[in-house]
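See below for model_10.pdb, which holds PDB, C-alpha atoms.
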```pdb
ATOM      1  CA  MET A   1    -119.134  73.368  -7.070  1.00  0.00           C
ATOM      2  CA  ARG A   2    -116.429  75.471  -8.710  1.00  0.00           C
ATOM      3  CA  LYS A   3    -118.595  78.555  -8.143  1.00  0.00           C
ATOM      4  CA  SER A   4    -118.792  77.733  -4.432  1.00  0.00           C
ATOM      5  CA  PHE A   5    -115.019  77.390  -4.339  1.00  0.00           C
ATOM      6  CA  LEU A   6    -114.481  80.737  -6.062  1.00  0.00           C
ATOM      7  CA  THR A   7    -116.952  82.394  -3.684  1.00  0.00           C
ATOM      8  CA  ALA A   8    -115.066  81.028  -0.687  1.00  0.00           C
ATOM      9  CA  ILE A   9    -111.707  82.126  -2.102  1.00  0.00           C
ATOM     10  CA  ALA A  10    -113.077  85.580  -2.856  1.00  0.00           C
ATOM     11  CA  ALA A  11    -114.354  85.927   0.709  1.00  0.00           C
ATOM     12  CA  VAL A  12    -110.992  84.938   2.186  1.00  0.00           C
ATOM     13  CA  GLY A  13    -109.169  87.215  -0.249  1.00  0.00           C
ATOM     14  CA  ALA A  14    -111.409  90.180   0.553  1.00  0.00           C
ATOM     15  CA  LEU A  15    -110.842  89.663   4.265  1.00  0.00           C
ATOM     16  CA  ALA A  16    -107.091  89.464   3.763  1.00  0.00           C
ATOM     17  CA  LEU A  17    -106.954  92.552   1.563  1.00  0.00           C
ATOM     18  CA  SER A  18    -109.117  94.656   3.869  1.00  0.00           C
ATOM     19  CA  ALA A  19    -107.061  93.636   6.877  1.00  0.00           C
ATOM     20  CA  CYS A  20    -103.811  94.409   5.057  1.00  0.00           C
ATOM     21  CA  SER A  21    -104.793  97.613   3.323  1.00  0.00           C
ATOM     22  CA  GLU A  22    -102.596  99.649   5.664  1.00  0.00           C
ATOM     23  CA  VAL A  23     -99.791  97.068   5.847  1.00  0.00           C
ATOM     24  CA  GLY A  24     -96.762  97.595   3.648  1.00  0.00           C
ATOM     25  CA  THR A  25     -95.856 101.162   4.543  1.00  0.00           C
ATOM     26  CA  GLU A  26     -95.757 101.237   8.327  1.00  0.00           C
ATOM     27  CA  PRO A  27     -97.957  98.581   9.928  1.00  0.00           C
ATOM     28  CA  ASP A  28     -98.877  99.015  13.583  1.00  0.00           C
ATOM     29  CA  TYR A  29     -96.823  96.027  14.710  1.00  0.00           C
ATOM     30  CA  MET A  30     -93.668  97.791  13.490  1.00  0.00           C
ATOM     31  CA  ALA A  31     -94.300 100.521  16.054  1.00  0.00           C
ATOM     32  CA  LEU A  32     -94.150  98.078  18.953  1.00  0.00           C
ATOM     33  CA  GLU A  33     -91.003  97.571  20.958  1.00  0.00           C
ATOM     34  CA  THR A  34     -88.071  96.327  18.890  1.00  0.00           C
ATOM     35  CA  ALA A  35     -84.427  95.660  19.593  1.00  0.00           C
ATOM     36  CA  GLU A  36     -82.504  98.238  17.607  1.00  0.00           C
ATOM     37  CA  ALA A  37     -79.045  97.462  16.203  1.00  0.00           C
ATOM     38  CA  ARG A  38     -76.246  98.724  18.450  1.00  0.00           C
ATOM     39  CA  PRO A  39     -73.636 101.096  16.992  1.00  0.00           C
ATOM     40  CA  ASP A  40     -70.808  98.859  18.276  1.00  0.00           C
ATOM     41  CA  ASP A  41     -72.239  95.976  16.198  1.00  0.00           C
ATOM     42  CA  LYS A  42     -72.727  93.815  19.293  1.00  0.00           C
ATOM     43  CA  PRO A  43     -75.931  91.789  19.669  1.00  0.00           C
ATOM     44  CA  SER A  44     -78.840  93.907  20.856  1.00  0.00           C
ATOM     45  CA  PRO A  45     -80.650  92.775  23.989  1.00  0.00           C
ATOM     46  CA  ALA A  46     -84.021  91.128  23.596  1.00  0.00           C
ATOM     47  CA  PRO A  47     -86.999  93.426  24.186  1.00  0.00           C
ATOM     48  CA  ALA A  48     -88.480  93.422  27.672  1.00  0.00           C
ATOM     49  CA  LYS A  49     -91.497  91.221  28.268  1.00  0.00           C
ATOM     50  CA  GLY A  50     -94.820  92.794  27.392  1.00  0.00           C
ATOM     51  CA  ASP A  51     -97.977  92.763  29.478  1.00  0.00           C
ATOM     52  CA  GLN A  52    -100.063  90.589  27.133  1.00  0.00           C
ATOM     53  CA  THR A  53     -99.731  86.978  26.069  1.00  0.00           C
ATOM     54  CA  ILE A  54     -99.107  86.052  22.447  1.00  0.00           C
ATOM     55  CA  ALA A  55    -102.755  85.043  22.075  1.00  0.00           C
ATOM     56  CA  GLU A  56    -103.948  88.339  23.532  1.00  0.00           C
ATOM     57  CA  ILE A  57    -101.748  90.355  21.142  1.00  0.00           C
ATOM     58  CA  VAL A  58    -103.014  88.402  18.134  1.00  0.00           C
ATOM     59  CA  THR A  59    -106.598  88.896  19.305  1.00  0.00           C
ATOM     60  CA  ASP A  60    -106.106  92.636  19.828  1.00  0.00           C
ATOM     61  CA  PHE A  61    -104.739  93.093  16.314  1.00  0.00           C
ATOM     62  CA  ALA A  62    -107.469  90.923  14.784  1.00  0.00           C
ATOM     63  CA  THR A  63    -110.284  92.781  16.539  1.00  0.00           C
ATOM     64  CA  ASP A  64    -109.015  96.363  16.218  1.00  0.00           C
ATOM     65  CA  GLU A  65    -111.893  98.875  16.224  1.00  0.00           C
ATOM     66  CA  VAL A  66    -110.588 100.317  12.951  1.00  0.00           C
ATOM     67  CA  GLU A  67    -111.257  97.655  10.338  1.00  0.00           C
ATOM     68  CA  GLU A  68    -108.429  98.820   8.072  1.00  0.00           C
ATOM     69  CA  ASP A  69    -105.935  98.353  10.923  1.00  0.00           C
ATOM     70  CA  ARG A  70    -106.852  94.741  11.644  1.00  0.00           C
ATOM     71  CA  GLU A  71    -104.201  92.083  11.151  1.00  0.00           C
ATOM     72  CA  PHE A  72    -103.764  88.392  12.044  1.00  0.00           C
ATOM     73  CA  THR A  73    -107.511  87.765  11.696  1.00  0.00           C
ATOM     74  CA  LEU A  74    -106.855  84.531   9.809  1.00  0.00           C
ATOM     75  CA  LEU A  75    -104.138  83.450  12.235  1.00  0.00           C
ATOM     76  CA  LEU A  76    -106.673  83.972  15.023  1.00  0.00           C
ATOM     77  CA  ALA A  77    -109.219  81.971  13.012  1.00  0.00           C
ATOM     78  CA  ALA A  78    -106.688  79.140  12.688  1.00  0.00           C
ATOM     79  CA  ILE A  79    -106.006  79.226  16.442  1.00  0.00           C
ATOM     80  CA  ASN A  80    -109.747  79.125  17.161  1.00  0.00           C
ATOM     81  CA  TYR A  81    -110.177  76.253  14.704  1.00  0.00           C
ATOM     82  CA  ILE A  82    -107.450  74.247  16.466  1.00  0.00           C
ATOM     83  CA  ALA A  83    -109.001  75.008  19.863  1.00  0.00           C
ATOM     84  CA  GLU A  84    -112.371  73.746  18.615  1.00  0.00           C
ATOM     85  CA  THR A  85    -111.076  70.599  16.926  1.00  0.00           C
ATOM     86  CA  ASN A  86    -108.450  69.736  19.566  1.00  0.00           C
ATOM     87  CA  PRO A  87    -109.436  71.228  22.946  1.00  0.00           C
ATOM     88  CA  SER A  88    -106.469  69.543  24.647  1.00  0.00           C
ATOM     89  CA  SER A  89    -103.912  71.097  22.281  1.00  0.00           C
ATOM     90  CA  ASP A  90    -100.679  71.940  24.072  1.00  0.00           C
ATOM     91  CA  LEU A  91    -100.029  74.601  21.437  1.00  0.00           C
ATOM     92  CA  ILE A  92    -103.194  76.518  22.291  1.00  0.00           C
ATOM     93  CA  ALA A  93    -102.518  76.261  26.010  1.00  0.00           C
ATOM     94  CA  GLY A  94     -98.982  77.548  25.506  1.00  0.00           C
ATOM     95  CA  LEU A  95    -100.086  80.606  23.556  1.00  0.00           C
ATOM     96  CA  PHE A  96    -102.202  81.696  26.513  1.00  0.00           C
ATOM     97  CA  ASN A  97    -100.045  80.722  29.489  1.00  0.00           C
ATOM     98  CA  SER A  98     -96.527  81.427  30.701  1.00  0.00           C
ATOM     99  CA  ASP A  99     -94.694  79.057  28.351  1.00  0.00           C
ATOM    100  CA  GLN A 100     -92.117  81.031  26.378  1.00  0.00           C
ATOM    101  CA  TYR A 101     -92.666  80.691  22.625  1.00  0.00           C
ATOM    102  CA  THR A 102     -91.358  82.469  19.560  1.00  0.00           C
ATOM    103  CA  VAL A 103     -94.041  82.748  16.882  1.00  0.00           C
ATOM    104  CA  PHE A 104     -93.484  83.511  13.217  1.00  0.00           C
ATOM    105  CA  ALA A 105     -96.888  85.028  12.492  1.00  0.00           C
ATOM    106  CA  PRO A 106     -98.190  85.152   8.894  1.00  0.00           C
ATOM    107  CA  THR A 107    -100.149  88.193   7.808  1.00  0.00           C
ATOM    108  CA  ASP A 108    -103.733  87.914   6.591  1.00  0.00           C
ATOM    109  CA  GLU A 109    -102.528  88.367   3.032  1.00  0.00           C
ATOM    110  CA  ALA A 110    -100.207  85.387   3.537  1.00  0.00           C
ATOM    111  CA  PHE A 111    -103.118  83.171   4.598  1.00  0.00           C
ATOM    112  CA  GLY A 112    -105.237  84.426   1.709  1.00  0.00           C
ATOM    113  CA  ASN A 113    -102.456  83.559  -0.729  1.00  0.00           C
ATOM    114  CA  LEU A 114    -102.173  80.056   0.730  1.00  0.00           C
ATOM    115  CA  VAL A 115    -105.899  79.383   0.405  1.00  0.00           C
ATOM    116  CA  ALA A 116    -105.840  80.595  -3.191  1.00  0.00           C
ATOM    117  CA  ALA A 117    -102.830  78.380  -3.962  1.00  0.00           C
ATOM    118  CA  VAL A 118    -104.180  75.252  -2.286  1.00  0.00           C
ATOM    119  CA  GLY A 119    -107.728  75.654  -3.612  1.00  0.00           C
ATOM    120  CA  PRO A 120    -107.112  74.240  -7.108  1.00  0.00           C
ATOM    121  CA  LEU A 121    -105.584  71.104  -5.560  1.00  0.00           C
ATOM    122  CA  LEU A 122    -108.693  70.246  -3.553  1.00  0.00           C
ATOM    123  CA  SER A 123    -111.022  67.408  -4.434  1.00  0.00           C
ATOM    124  CA  ASP A 124    -114.714  68.014  -5.007  1.00  0.00           C
ATOM    125  CA  GLU A 125    -115.435  66.696  -1.509  1.00  0.00           C
ATOM    126  CA  ALA A 126    -112.870  69.073  -0.014  1.00  0.00           C
ATOM    127  CA  LEU A 127    -114.382  71.944  -1.978  1.00  0.00           C
ATOM    128  CA  GLU A 128    -117.733  71.169  -0.385  1.00  0.00           C
ATOM    129  CA  VAL A 129    -116.081  71.350   3.027  1.00  0.00           C
ATOM    130  CA  LEU A 130    -114.427  74.622   2.014  1.00  0.00           C
ATOM    131  CA  ALA A 131    -117.755  76.171   1.014  1.00  0.00           C
ATOM    132  CA  GLU A 132    -119.568  74.934   4.123  1.00  0.00           C
ATOM    133  CA  ASP A 133    -116.962  74.960   6.899  1.00  0.00           C
ATOM    134  CA  GLY A 134    -114.148  77.219   5.699  1.00  0.00           C
ATOM    135  CA  PRO A 135    -110.549  76.850   4.523  1.00  0.00           C
ATOM    136  CA  PHE A 136    -109.069  75.251   7.644  1.00  0.00           C
ATOM    137  CA  ALA A 137    -111.590  72.423   7.699  1.00  0.00           C
ATOM    138  CA  ALA A 138    -110.994  71.914   3.967  1.00  0.00           C
ATOM    139  CA  ILE A 139    -107.213  71.693   4.457  1.00  0.00           C
ATOM    140  CA  ASP A 140    -107.650  69.140   7.261  1.00  0.00           C
ATOM    141  CA  PHE A 141    -110.071  67.177   5.070  1.00  0.00           C
ATOM    142  CA  PHE A 142    -107.687  67.267   2.101  1.00  0.00           C
ATOM    143  CA  LEU A 143    -104.391  66.553   3.909  1.00  0.00           C
ATOM    144  CA  GLY A 144    -105.602  64.743   7.030  1.00  0.00           C
ATOM    145  CA  ALA A 145    -106.970  65.701  10.437  1.00  0.00           C
ATOM    146  CA  GLY A 146    -104.507  67.782  12.425  1.00  0.00           C
ATOM    147  CA  THR A 147    -102.755  69.280   9.395  1.00  0.00           C
ATOM    148  CA  VAL A 148    -103.721  72.834  10.308  1.00  0.00           C
ATOM    149  CA  GLU A 149    -102.348  72.392  13.818  1.00  0.00           C
ATOM    150  CA  THR A 150     -99.115  70.925  12.432  1.00  0.00           C
ATOM    151  CA  VAL A 151     -98.745  73.859  10.043  1.00  0.00           C
ATOM    152  CA  VAL A 152     -99.315  76.390  12.837  1.00  0.00           C
ATOM    153  CA  LYS A 153     -96.837  74.505  15.059  1.00  0.00           C
ATOM    154  CA  TYR A 154     -94.319  74.840  12.237  1.00  0.00           C
ATOM    155  CA  HIS A 155     -94.461  78.585  12.915  1.00  0.00           C
ATOM    156  CA  VAL A 156     -93.593  78.212  16.613  1.00  0.00           C
ATOM    157  CA  THR A 157     -90.358  77.419  18.419  1.00  0.00           C
ATOM    158  CA  ASP A 158     -89.658  76.988  22.121  1.00  0.00           C
ATOM    159  CA  GLY A 159     -88.110  79.855  24.017  1.00  0.00           C
ATOM    160  CA  ARG A 160     -87.999  83.604  23.810  1.00  0.00           C
ATOM    161  CA  ARG A 161     -85.950  84.366  20.686  1.00  0.00           C
ATOM    162  CA  ALA A 162     -85.502  87.968  19.613  1.00  0.00           C
ATOM    163  CA  ALA A 163     -84.411  88.863  16.091  1.00  0.00           C
ATOM    164  CA  ASN A 164     -80.750  88.766  17.083  1.00  0.00           C
ATOM    165  CA  SER A 165     -81.030  85.047  17.882  1.00  0.00           C
ATOM    166  CA  VAL A 166     -83.138  84.239  14.818  1.00  0.00           C
ATOM    167  CA  VAL A 167     -81.496  86.179  11.975  1.00  0.00           C
ATOM    168  CA  PRO A 168     -77.818  85.185  11.575  1.00  0.00           C
ATOM    169  CA  LYS A 169     -74.978  87.488  10.578  1.00  0.00           C
ATOM    170  CA  ASN A 170     -73.502  85.050   8.103  1.00  0.00           C
ATOM    171  CA  ARG A 171     -74.513  81.405   7.695  1.00  0.00           C
ATOM    172  CA  ASP A 172     -78.134  80.325   7.667  1.00  0.00           C
ATOM    173  CA  ARG A 173     -79.559  79.498  11.084  1.00  0.00           C
ATOM    174  CA  THR A 174     -81.691  76.398  11.626  1.00  0.00           C
ATOM    175  CA  ILE A 175     -84.865  76.795  13.691  1.00  0.00           C
ATOM    176  CA  GLU A 176     -86.370  73.765  15.422  1.00  0.00           C
ATOM    177  CA  THR A 177     -90.158  73.999  15.567  1.00  0.00           C
ATOM    178  CA  LEU A 178     -92.945  72.481  17.647  1.00  0.00           C
ATOM    179  CA  ALA A 179     -94.006  70.533  14.537  1.00  0.00           C
ATOM    180  CA  GLY A 180     -90.785  68.504  14.685  1.00  0.00           C
ATOM    181  CA  ALA A 181     -89.572  69.866  11.344  1.00  0.00           C
ATOM    182  CA  THR A 182     -87.033  72.648  10.868  1.00  0.00           C
ATOM    183  CA  PHE A 183     -86.625  75.697   8.664  1.00  0.00           C
ATOM    184  CA  SER A 184     -83.653  77.993   8.101  1.00  0.00           C
ATOM    185  CA  VAL A 185     -83.269  81.762   8.272  1.00  0.00           C
ATOM    186  CA  SER A 186     -80.735  83.709   6.202  1.00  0.00           C
ATOM    187  CA  SER A 187     -78.963  86.941   7.053  1.00  0.00           C
ATOM    188  CA  GLU A 188     -81.371  88.641   4.620  1.00  0.00           C
ATOM    189  CA  LYS A 189     -84.319  87.537   6.816  1.00  0.00           C
ATOM    190  CA  MET A 190     -85.482  84.922   4.314  1.00  0.00           C
ATOM    191  CA  ILE A 191     -87.036  81.763   5.721  1.00  0.00           C
ATOM    192  CA  THR A 192     -86.487  78.601   3.707  1.00  0.00           C
ATOM    193  CA  ALA A 193     -89.064  76.029   4.776  1.00  0.00           C
ATOM    194  CA  VAL A 194     -89.696  72.458   3.617  1.00  0.00           C
ATOM    195  CA  GLY A 195     -92.394  73.544   1.178  1.00  0.00           C
ATOM    196  CA  ASN A 196     -91.771  77.227   0.377  1.00  0.00           C
ATOM    197  CA  THR A 197     -90.086  80.460   1.461  1.00  0.00           C
ATOM    198  CA  ALA A 198     -91.082  83.600   3.366  1.00  0.00           C
ATOM    199  CA  MET A 199     -89.591  86.883   4.517  1.00  0.00           C
ATOM    200  CA  ILE A 200     -89.546  88.315   8.031  1.00  0.00           C
ATOM    201  CA  VAL A 201     -91.235  91.704   7.606  1.00  0.00           C
ATOM    202  CA  GLY A 202     -91.630  92.726  11.254  1.00  0.00           C
ATOM    203  CA  ALA A 203     -89.641  91.678  14.308  1.00  0.00           C
ATOM    204  CA  ASN A 204     -89.660  91.609  18.098  1.00  0.00           C
ATOM    205  CA  VAL A 205     -93.308  92.126  18.972  1.00  0.00           C
ATOM    206  CA  SER A 206     -92.895  91.419  22.669  1.00  0.00           C
ATOM    207  CA  ALA A 207     -95.394  89.371  24.684  1.00  0.00           C
ATOM    208  CA  SER A 208     -95.377  88.239  28.300  1.00  0.00           C
ATOM    209  CA  ASN A 209     -94.852  84.665  27.127  1.00  0.00           C
ATOM    210  CA  GLY A 210     -92.644  85.133  24.104  1.00  0.00           C
ATOM    211  CA  ILE A 211     -91.917  87.097  20.964  1.00  0.00           C
ATOM    212  CA  ILE A 212     -93.699  87.446  17.631  1.00  0.00           C
ATOM    213  CA  HIS A 213     -91.943  87.942  14.298  1.00  0.00           C
ATOM    214  CA  VAL A 214     -94.212  88.817  11.358  1.00  0.00           C
ATOM    215  CA  ILE A 215     -93.758  86.943   8.058  1.00  0.00           C
ATOM    216  CA  ASP A 216     -95.236  87.422   4.595  1.00  0.00           C
ATOM    217  CA  ALA A 217     -96.121  83.792   3.780  1.00  0.00           C
ATOM    218  CA  VAL A 218     -97.531  80.760   5.555  1.00  0.00           C
ATOM    219  CA  ILE A 219     -94.547  78.405   5.681  1.00  0.00           C
ATOM    220  CA  LEU A 220     -95.254  74.742   5.002  1.00  0.00           C
ATOM    221  CA  PRO A 221     -93.692  71.649   6.628  1.00  0.00           C
ATOM    222  CA  ILE A 222     -94.606  69.641   3.510  1.00  0.00           C
ATOM    223  CA  ASP A 223     -93.922  70.221  -0.171  1.00  0.00           C
ATOM    224  CA  LEU A 224     -97.172  70.685  -2.069  1.00  0.00           C
ATOM    225  CA  GLY A 225     -95.412  71.867  -5.193  1.00  0.00           C
ATOM    226  CA  LEU A 226     -96.767  75.401  -4.806  1.00  0.00           C
TER     227      LEU A 226
END
```
Could you quickly redo this structure as C-alpha cells?
Amino acid sequence: MRKSFLTAIAAVGALALSACSEVGTEPDYMALETAEARPDDKPSPAPAKGDQTIAEIVTDFATDEVEEDREFTLLLAAINYIAETNPSSDLIAGLFNSDQYTVFAPTDEAFGNLVAAVGPLLSDEALEVLAEDGPFAAIDFFLGAGTVETVVKYHVTDGRRAANSVVPKNRDRTIETLAGATFSVSSEKMITAVGNTAMIVGANVSASNGIIHVIDAVILPIDLGL
C-alpha cells in the first residue's frame, strides 16, 4: 500500500515539476496584462477585461502545446473533479459565466507540494483511493465529501479585484472568500490563511469575468498542522 502511495505522489510530483520547469524566471502569465505602479504613487487602474473567462484561461495554460510551458494543470484537474462530483456547483458555473470573481490560483508545484504533505496523514483506505482515483478523491475521502470544493472556494472572492485592491500599502488586508472563511494579505504579498501561508507570485491576469493572481501554495481553510 505504501508503494502505491509513493507511486501516486511521484506521478503528481513529476507532473508538477514538468509543468513548472519554466516557471520561476519569467513565466508566461507574467507577460499578460498587468497594472503597473504609477509614478505619482496613486492606485493603478485595474486591467481591462480580457476576452476569455477564468476557466478558459486556466484551460489554455494547462493544455499549452509546449509541455514545458503548461501551468495550472492540477488546478484544472481540481475544477474538473468538482464538476464531476457536484454538477450543480455554483463555483464551477461562475468560473465559466459572467460572474466577476477574483481567483488566487496555485501553481502545479503548489498542488504537488500539498499532495506530498497530506499523503503521510492519509489512512490506508484513503491511500487506496489515492492510488485508484487520484489525490482529490483521496482528500475528499480523508476529510469529508466536498472538501476539495471548499478548498478551491477558499481561493476565490467575489468581484473583480486587481492587485491594488488586494495587496495593501500598510496594514494587512482581509479577503472574504466563497468558502466563508477569510485570509489576509500583507504589503509584502504574503497570504496568511487559516492553515498555512503563500506568496502572490504573479498578478492581474485579466479575464472577461474576473482576475487571476498566481500564488505559490495551496492555501487551506483548516489547520492540518502542515
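Distances to Ala162 (chain A) were evaluated for A:Ala137, A:Ile211, A:Ile175, A:Val58 using all atoms listed in the file, and the minimum falls at A:Ile211.
From CA of Ala116 (chain A) back to CA of Glu128 (chain A), the distance works out to 15.4 Å.
The coordinates place CA of Asp223 (chain A) at 12.7 Å from CA of Phe183 (chain A).
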Minimum-distance residue to Ile92 (chain A), chosen among A:Asn196, A:Asn204, A:Asn209, A:Asn80 (using only C-alpha atoms):
A:Asn80
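What the PyMOL selection byres ((chain A and resi 169) around 6) picks from this file is Pro168, Asn170 and Ser187 of chain A.
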Could you rebuild region 171-191 of chain A with N, CA, C and O atoms and give me the result as a JSON list (two decimals), in the frame of the given file?
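Written out: selection-v2.json:
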```json
[["chain", "number", "residue", "atom", "x", "y", "z"],
["A", 171, "ARG", "N", -73.89, 82.65, 8.16],
["A", 171, "ARG", "CA", -74.51, 81.40, 7.70],
["A", 171, "ARG", "C", -75.96, 81.31, 8.11],
["A", 171, "ARG", "O", -76.37, 81.89, 9.12],
["A", 172, "ASP", "N", -76.72, 80.54, 7.33],
["A", 172, "ASP", "CA", -78.13, 80.32, 7.67],
["A", 172, "ASP", "C", -78.25, 79.69, 9.05],
["A", 172, "ASP", "O", -77.39, 78.89, 9.46],
["A", 173, "ARG", "N", -79.31, 80.04, 9.75],
["A", 173, "ARG", "CA", -79.56, 79.50, 11.08],
["A", 173, "ARG", "C", -80.76, 78.57, 11.03],
["A", 173, "ARG", "O", -81.79, 78.90, 10.46],
["A", 174, "THR", "N", -80.61, 77.39, 11.61],
["A", 174, "THR", "CA", -81.69, 76.40, 11.63],
["A", 174, "THR", "C", -82.58, 76.61, 12.85],
["A", 174, "THR", "O", -82.08, 76.75, 13.97],
["A", 175, "ILE", "N", -83.88, 76.62, 12.61],
["A", 175, "ILE", "CA", -84.86, 76.80, 13.69],
["A", 175, "ILE", "C", -85.64, 75.50, 13.88],
["A", 175, "ILE", "O", -86.25, 74.99, 12.95],
["A", 176, "GLU", "N", -85.59, 74.96, 15.08],
["A", 176, "GLU", "CA", -86.37, 73.76, 15.42],
["A", 176, "GLU", "C", -87.77, 74.21, 15.82],
["A", 176, "GLU", "O", -87.93, 75.14, 16.61],
["A", 177, "THR", "N", -88.78, 73.56, 15.30],
["A", 177, "THR", "CA", -90.16, 74.00, 15.57],
["A", 177, "THR", "C", -90.94, 72.97, 16.38],
["A", 177, "THR", "O", -90.51, 71.82, 16.52],
["A", 178, "LEU", "N", -92.09, 73.40, 16.88],
["A", 178, "LEU", "CA", -92.94, 72.48, 17.65],
["A", 178, "LEU", "C", -93.53, 71.38, 16.78],
["A", 178, "LEU", "O", -94.03, 70.38, 17.30],
["A", 179, "ALA", "N", -93.48, 71.55, 15.45],
["A", 179, "ALA", "CA", -94.01, 70.53, 14.54],
["A", 179, "ALA", "C", -93.02, 69.38, 14.36],
["A", 179, "ALA", "O", -93.37, 68.35, 13.77],
["A", 180, "GLY", "N", -91.79, 69.54, 14.85],
["A", 180, "GLY", "CA", -90.78, 68.50, 14.68],
["A", 180, "GLY", "C", -89.93, 68.67, 13.44],
["A", 180, "GLY", "O", -88.93, 67.99, 13.28],
["A", 181, "ALA", "N", -90.34, 69.57, 12.55],
["A", 181, "ALA", "CA", -89.57, 69.87, 11.34],
["A", 181, "ALA", "C", -88.84, 71.19, 11.55],
["A", 181, "ALA", "O", -89.19, 71.97, 12.44],
["A", 182, "THR", "N", -87.82, 71.43, 10.74],
["A", 182, "THR", "CA", -87.03, 72.65, 10.87],
["A", 182, "THR", "C", -87.19, 73.55, 9.65],
["A", 182, "THR", "O", -87.66, 73.13, 8.60],
["A", 183, "PHE", "N", -86.82, 74.81, 9.81],
["A", 183, "PHE", "CA", -86.62, 75.70, 8.66],
["A", 183, "PHE", "C", -85.37, 76.51, 8.94],
["A", 183, "PHE", "O", -84.84, 76.53, 10.06],
["A", 184, "SER", "N", -84.87, 77.20, 7.92],
["A", 184, "SER", "CA", -83.65, 77.99, 8.10],
["A", 184, "SER", "C", -83.95, 79.46, 7.83],
["A", 184, "SER", "O", -84.87, 79.81, 7.08],
["A", 185, "VAL", "N", -83.15, 80.32, 8.46],
["A", 185, "VAL", "CA", -83.27, 81.76, 8.27],
["A", 185, "VAL", "C", -81.92, 82.29, 7.79],
["A", 185, "VAL", "O", -80.88, 81.93, 8.34],
["A", 186, "SER", "N", -81.96, 83.13, 6.75],
["A", 186, "SER", "CA", -80.74, 83.71, 6.20],
["A", 186, "SER", "C", -80.47, 85.07, 6.82],
["A", 186, "SER", "O", -81.34, 85.65, 7.50],
["A", 187, "SER", "N", -79.30, 85.61, 6.55],
["A", 187, "SER", "CA", -78.96, 86.94, 7.05],
["A", 187, "SER", "C", -79.81, 88.03, 6.41],
["A", 187, "SER", "O", -79.89, 89.15, 6.90],
["A", 188, "GLU", "N", -80.46, 87.70, 5.28],
["A", 188, "GLU", "CA", -81.37, 88.64, 4.62],
["A", 188, "GLU", "C", -82.81, 88.52, 5.11],
["A", 188, "GLU", "O", -83.73, 89.05, 4.52],
["A", 189, "LYS", "N", -83.01, 87.74, 6.18],
["A", 189, "LYS", "CA", -84.32, 87.54, 6.82],
["A", 189, "LYS", "C", -85.24, 86.65, 5.98],
["A", 189, "LYS", "O", -86.45, 86.67, 6.16],
["A", 190, "MET", "N", -84.67, 85.86, 5.08],
["A", 190, "MET", "CA", -85.48, 84.92, 4.31],
["A", 190, "MET", "C", -85.57, 83.59, 5.05],
["A", 190, "MET", "O", -84.56, 83.05, 5.50],
["A", 191, "ILE", "N", -86.79, 83.09, 5.15],
["A", 191, "ILE", "CA", -87.04, 81.76, 5.72],
["A", 191, "ILE", "C", -87.15, 80.76, 4.58],
["A", 191, "ILE", "O", -87.93, 80.96, 3.64]]
```
